[in-house]
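Heads up, the thing below is written out as structure tokens.
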Amino acid sequence: MYKFPSRQISIEDFGMPSPSGVKLNSENHWVQKAVQIPWDEIKKRHTALFKNHKGNVAKPLRLALSALIINTKRGLSDVETALQIQETPCLQYFCGMGAYEDKLPFAPSLMVYFRKGLTPEILGEINEMIRAKMGHHCRISRQAAKAMNPNHRTKGPCIVDASCAPQKIRYSQDSSLLNEARENLEGMADELHEPTDSEKPRTYRKRARREYIKFSKKRKKTFKEIRKAVKPQLQYIRRDLRIVDELLEKERRRQSGSRNGYQPSDLYEQQLLMYNNRNHTIADRIVSF
């Protein structure tokens, strides 16, 4: 059985032991994260994770997700995660508790079941929901700022990391991104090609795939080996982009449509710029499709 918890409360409503006289700090990292994550939307979409409607009340989805985030962000063991939540009021607030409680929030062994229920695919979807709520520039809304501190006025953007939910992302220089972009372009070329037009354009996909597999199997890669592997992949993508452009032009002439922006071309420009500049940094980098 699963019991729905209440919505996010403000820090003024979070109960603290009366003798302490301590209040939560609205600038605390975990207090801010608590109002930046769309808990209600996540709860509505993923309540199917708790299918058992009989027996003991299941741990809230928010507690499970919060525990995994804390565990990942702080690099803790399962036992240490439960203890940290027990000892820290801000972490209890982040986990959705209504007041400070000096007891373990869950048995550490339950972390195994939290991970089993919240798979990498689900965490990836949750991460996209978080990014969608926070917007392109990750600005805190007025409602979020008011929930943290009703007397506080928001000034300027609040920059936070994009990985509120634990998720594996790739760096922009990762060769697997180039491989994925190339495969996407090849798929587009296959879909756009009309067998009645002419012979299918040559993309050298088998050779490109062999070269990528050979490179990716190496456990340790030197800087020279990385550049040697990236250069031909960029060349394959450049060729595929030209092919897709030509096929889109034919399709546009057929349907009098227009071409929308296509992400692999942006990735190609980023990767080519980094390759030519011999660095691994770029503004607004693409890290996933």
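Numbering starts fresh at 1 for the residues of each chain in the structure tokens, the chains themselves are lettered A, B, ... in the order given, and ligands are numbered from 1 as they appear.
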Practice problem: Considering only C-alpha atoms, return as a list of chain:residue names whatever protein or nucleic-acid residues lie within 10 Å of A:Gln271, sequence-local ones (same chain, fewer than 4 positions apart) excluded. | Solution: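 Once the adjacent positions are removed, what remains is A:Ser172, A:Gln173, A:Asp174, A:Ser175, A:Leu177, A:Leu178, A:Val230, A:Lys231, A:Leu234, A:Ser265, A:Asp266, A:Leu267, A:Tyr275, A:Asn276, A:Asn277, A:Asn279, A:His280, A:Thr281, A:Ile282, A:Arg285, A:Ile286.
In terms of minimum interatomic distance to A:Ala208, A:Tyr236 ranks closest within A:Tyr236, A:His193, A:Arg227, A:His46, counting only C-alpha atoms.
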Quiz prompt | Point-to-point distance in Å for atom CA of A:Leu65 and atom CA of A:Phe114 | solution = 7.5 Å
Quiz prompt | Given only C-alpha atoms as the counted atoms, nearest of A:Gly96, A:Thr203, A:Gln84, A:Gln32 to A:Pro60 | solution = A:Gly96
What's the 12 Å shell around A:Leu76, counting only C-alpha atoms, without same-chain residues fewer than 5 positions away, as a CSV table (one decimal) with N, CA and C atoms, in the first residue's frame?
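File part.csv, as written:
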```csv
chain,number,residue,atom,x,y,z
A,67,ALA,N,16.8,9.9,-1.0
A,67,ALA,CA,17.9,9.1,-0.5
A,67,ALA,C,18.9,8.8,-1.5
A,68,LEU,N,18.5,8.5,-2.7
A,68,LEU,CA,19.4,8.1,-3.8
A,68,LEU,C,20.2,9.3,-4.2
A,69,ILE,N,19.5,10.5,-4.3
A,69,ILE,CA,20.2,11.7,-4.6
A,69,ILE,C,21.3,12.1,-3.6
A,70,ILE,N,21.0,12.0,-2.3
A,70,ILE,CA,21.9,12.3,-1.3
A,70,ILE,C,23.1,11.3,-1.3
A,71,ASN,N,22.7,10.0,-1.5
A,71,ASN,CA,23.7,8.9,-1.6
A,71,ASN,C,24.7,9.2,-2.7
A,81,THR,N,24.1,6.9,4.5
A,81,THR,CA,23.0,7.8,3.9
A,81,THR,C,21.9,7.9,4.9
A,82,ALA,N,21.5,6.7,5.5
A,82,ALA,CA,20.4,6.8,6.5
A,82,ALA,C,20.8,7.6,7.7
A,83,LEU,N,22.0,7.4,8.1
A,83,LEU,CA,22.5,8.1,9.3
A,83,LEU,C,22.6,9.6,9.1
A,84,GLN,N,23.0,10.0,7.9
A,84,GLN,CA,23.1,11.5,7.6
A,84,GLN,C,21.7,12.1,7.6
A,85,ILE,N,20.8,11.4,7.0
A,85,ILE,CA,19.4,11.9,7.0
A,85,ILE,C,18.9,12.0,8.4
A,108,PRO,N,18.7,0.8,6.3
A,108,PRO,CA,19.6,1.0,5.2
A,108,PRO,C,19.5,-0.1,4.1
A,111,MET,N,17.7,0.6,0.7
A,111,MET,CA,18.3,1.3,-0.4
A,111,MET,C,18.4,0.4,-1.7
```
Self-check item: stretch 156-253 of chain A: residues DSSP assigns to alpha helix (DSSP H), reported as an NGL selection string
Solution: :A and (175-192 or 205-216 or 223-253)
C-alpha atoms of the current selection, written as an mmCIF file, in the first residue's frame:
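Once everything was written out, this is out36.cif:
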```cif
data_model
loop_
_atom_site.group_PDB
_atom_site.id
_atom_site.type_symbol
_atom_site.label_atom_id
_atom_site.label_comp_id
_atom_site.auth_asym_id
_atom_site.auth_seq_id
_atom_site.Cartn_x
_atom_site.Cartn_y
_atom_site.Cartn_z
ATOM 1 C CA SER A 175 33.471 9.626 -28.874
ATOM 2 C CA SER A 176 30.202 7.797 -28.178
ATOM 3 C CA LEU A 177 28.343 11.075 -28.814
ATOM 4 C CA LEU A 178 29.898 11.299 -32.261
ATOM 5 C CA ASN A 179 29.037 7.668 -32.916
ATOM 6 C CA GLU A 180 25.425 8.269 -31.854
ATOM 7 C CA ALA A 181 25.165 11.369 -34.024
ATOM 8 C CA ARG A 182 26.547 9.446 -36.997
ATOM 9 C CA GLU A 183 24.073 6.603 -36.474
ATOM 10 C CA ASN A 184 21.180 9.081 -36.198
ATOM 11 C CA LEU A 185 22.213 10.715 -39.453
ATOM 12 C CA GLU A 186 22.459 7.324 -41.152
ATOM 13 C CA GLY A 187 18.949 6.524 -39.924
ATOM 14 C CA MET A 188 17.677 9.819 -41.319
ATOM 15 C CA ALA A 189 19.333 9.105 -44.654
ATOM 16 C CA ASP A 190 17.663 5.683 -44.773
ATOM 17 C CA GLU A 191 14.224 7.167 -44.052
ATOM 18 C CA LEU A 192 14.579 10.044 -46.520
ATOM 19 C CA ARG A 205 28.721 3.078 -41.910
ATOM 20 C CA LYS A 206 30.339 -0.346 -41.570
ATOM 21 C CA ARG A 207 33.854 1.070 -41.680
ATOM 22 C CA ALA A 208 32.919 3.848 -39.246
ATOM 23 C CA ARG A 209 31.356 1.333 -36.874
ATOM 24 C CA ARG A 210 34.431 -0.924 -36.965
ATOM 25 C CA GLU A 211 36.719 1.998 -36.202
ATOM 26 C CA TYR A 212 34.552 3.158 -33.309
ATOM 27 C CA ILE A 213 34.286 -0.330 -31.777
ATOM 28 C CA LYS A 214 38.035 -0.832 -32.037
ATOM 29 C CA PHE A 215 38.663 2.484 -30.296
ATOM 30 C CA SER A 216 35.988 2.056 -27.614
ATOM 31 C CA PHE A 223 45.342 12.085 -26.055
ATOM 32 C CA LYS A 224 46.912 11.236 -29.399
ATOM 33 C CA GLU A 225 44.722 8.127 -29.798
ATOM 34 C CA ILE A 226 41.583 10.108 -28.976
ATOM 35 C CA ARG A 227 42.349 12.733 -31.625
ATOM 36 C CA LYS A 228 43.167 10.023 -34.123
ATOM 37 C CA ALA A 229 39.757 8.409 -33.481
ATOM 38 C CA VAL A 230 37.756 11.658 -33.393
ATOM 39 C CA LYS A 231 39.010 13.018 -36.723
ATOM 40 C CA PRO A 232 37.534 10.285 -38.985
ATOM 41 C CA GLN A 233 34.264 10.311 -37.014
ATOM 42 C CA LEU A 234 33.961 14.037 -37.686
ATOM 43 C CA GLN A 235 34.613 13.376 -41.352
ATOM 44 C CA TYR A 236 31.909 10.683 -41.464
ATOM 45 C CA ILE A 237 29.425 13.050 -39.805
ATOM 46 C CA ARG A 238 30.307 15.856 -42.215
ATOM 47 C CA ARG A 239 29.651 13.525 -45.137
ATOM 48 C CA ASP A 240 26.373 12.288 -43.607
ATOM 49 C CA LEU A 241 25.211 15.858 -42.951
ATOM 50 C CA ARG A 242 25.787 16.698 -46.600
ATOM 51 C CA ILE A 243 23.821 13.601 -47.648
ATOM 52 C CA VAL A 244 20.929 14.415 -45.317
ATOM 53 C CA ASP A 245 20.872 18.031 -46.557
ATOM 54 C CA GLU A 246 20.627 16.838 -50.141
ATOM 55 C CA LEU A 247 17.857 14.366 -49.305
ATOM 56 C CA LEU A 248 15.964 16.995 -47.317
ATOM 57 C CA GLU A 249 16.201 19.387 -50.236
ATOM 58 C CA LYS A 250 14.653 16.745 -52.487
ATOM 59 C CA GLU A 251 11.935 16.097 -49.925
ATOM 60 C CA ARG A 252 11.280 19.820 -49.573
ATOM 61 C CA ARG A 253 10.833 20.156 -53.294
#
```
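Of the residues listed (A:Arg278, A:Lys221, A:His29, A:Arg115), A:Arg115 shows the shortest atom-to-atom separation from A:Ala64; distances use only C-alpha atoms.
Pairwise distance (atom CA of A:Leu123, atom CA of A:Ser77) equals 19.4 Å.
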Practice problem: Tell me which protein, DNA and RNA residues are within 9 Å of A:Ile42, counting only C-alpha atoms, leaving out same-chain ones fewer than 5 positions away, and put them as a list in words. | Solution: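 Counting only the stated atoms, we get Ile37, Thr47, Leu61, Arg62, Ile126 and Met129 of chain A.
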Quick one: write out the picked residues with C-alpha atoms as a PDB file, in the first residue's frame?
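This went into again_15.pdb:
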```
ATOM      1  CA  ILE A  37      12.378  19.527  -7.934  1.00  0.00           C
ATOM      2  CA  THR A  47       3.200   5.903  -8.525  1.00  0.00           C
ATOM      3  CA  LEU A  61       8.608   7.841  -3.567  1.00  0.00           C
ATOM      4  CA  ARG A  62      10.071  11.197  -2.568  1.00  0.00           C
ATOM      5  CA  ILE A 126      12.883  12.448 -13.763  1.00  0.00           C
ATOM      6  CA  MET A 129      11.270  16.775 -15.685  1.00  0.00           C
TER       7      MET A 129
END
```
Self-check item: atom CA of A:Glu101 to atom CA of A:Val31, straight-line distance in Å
Solution: 16.8 Å
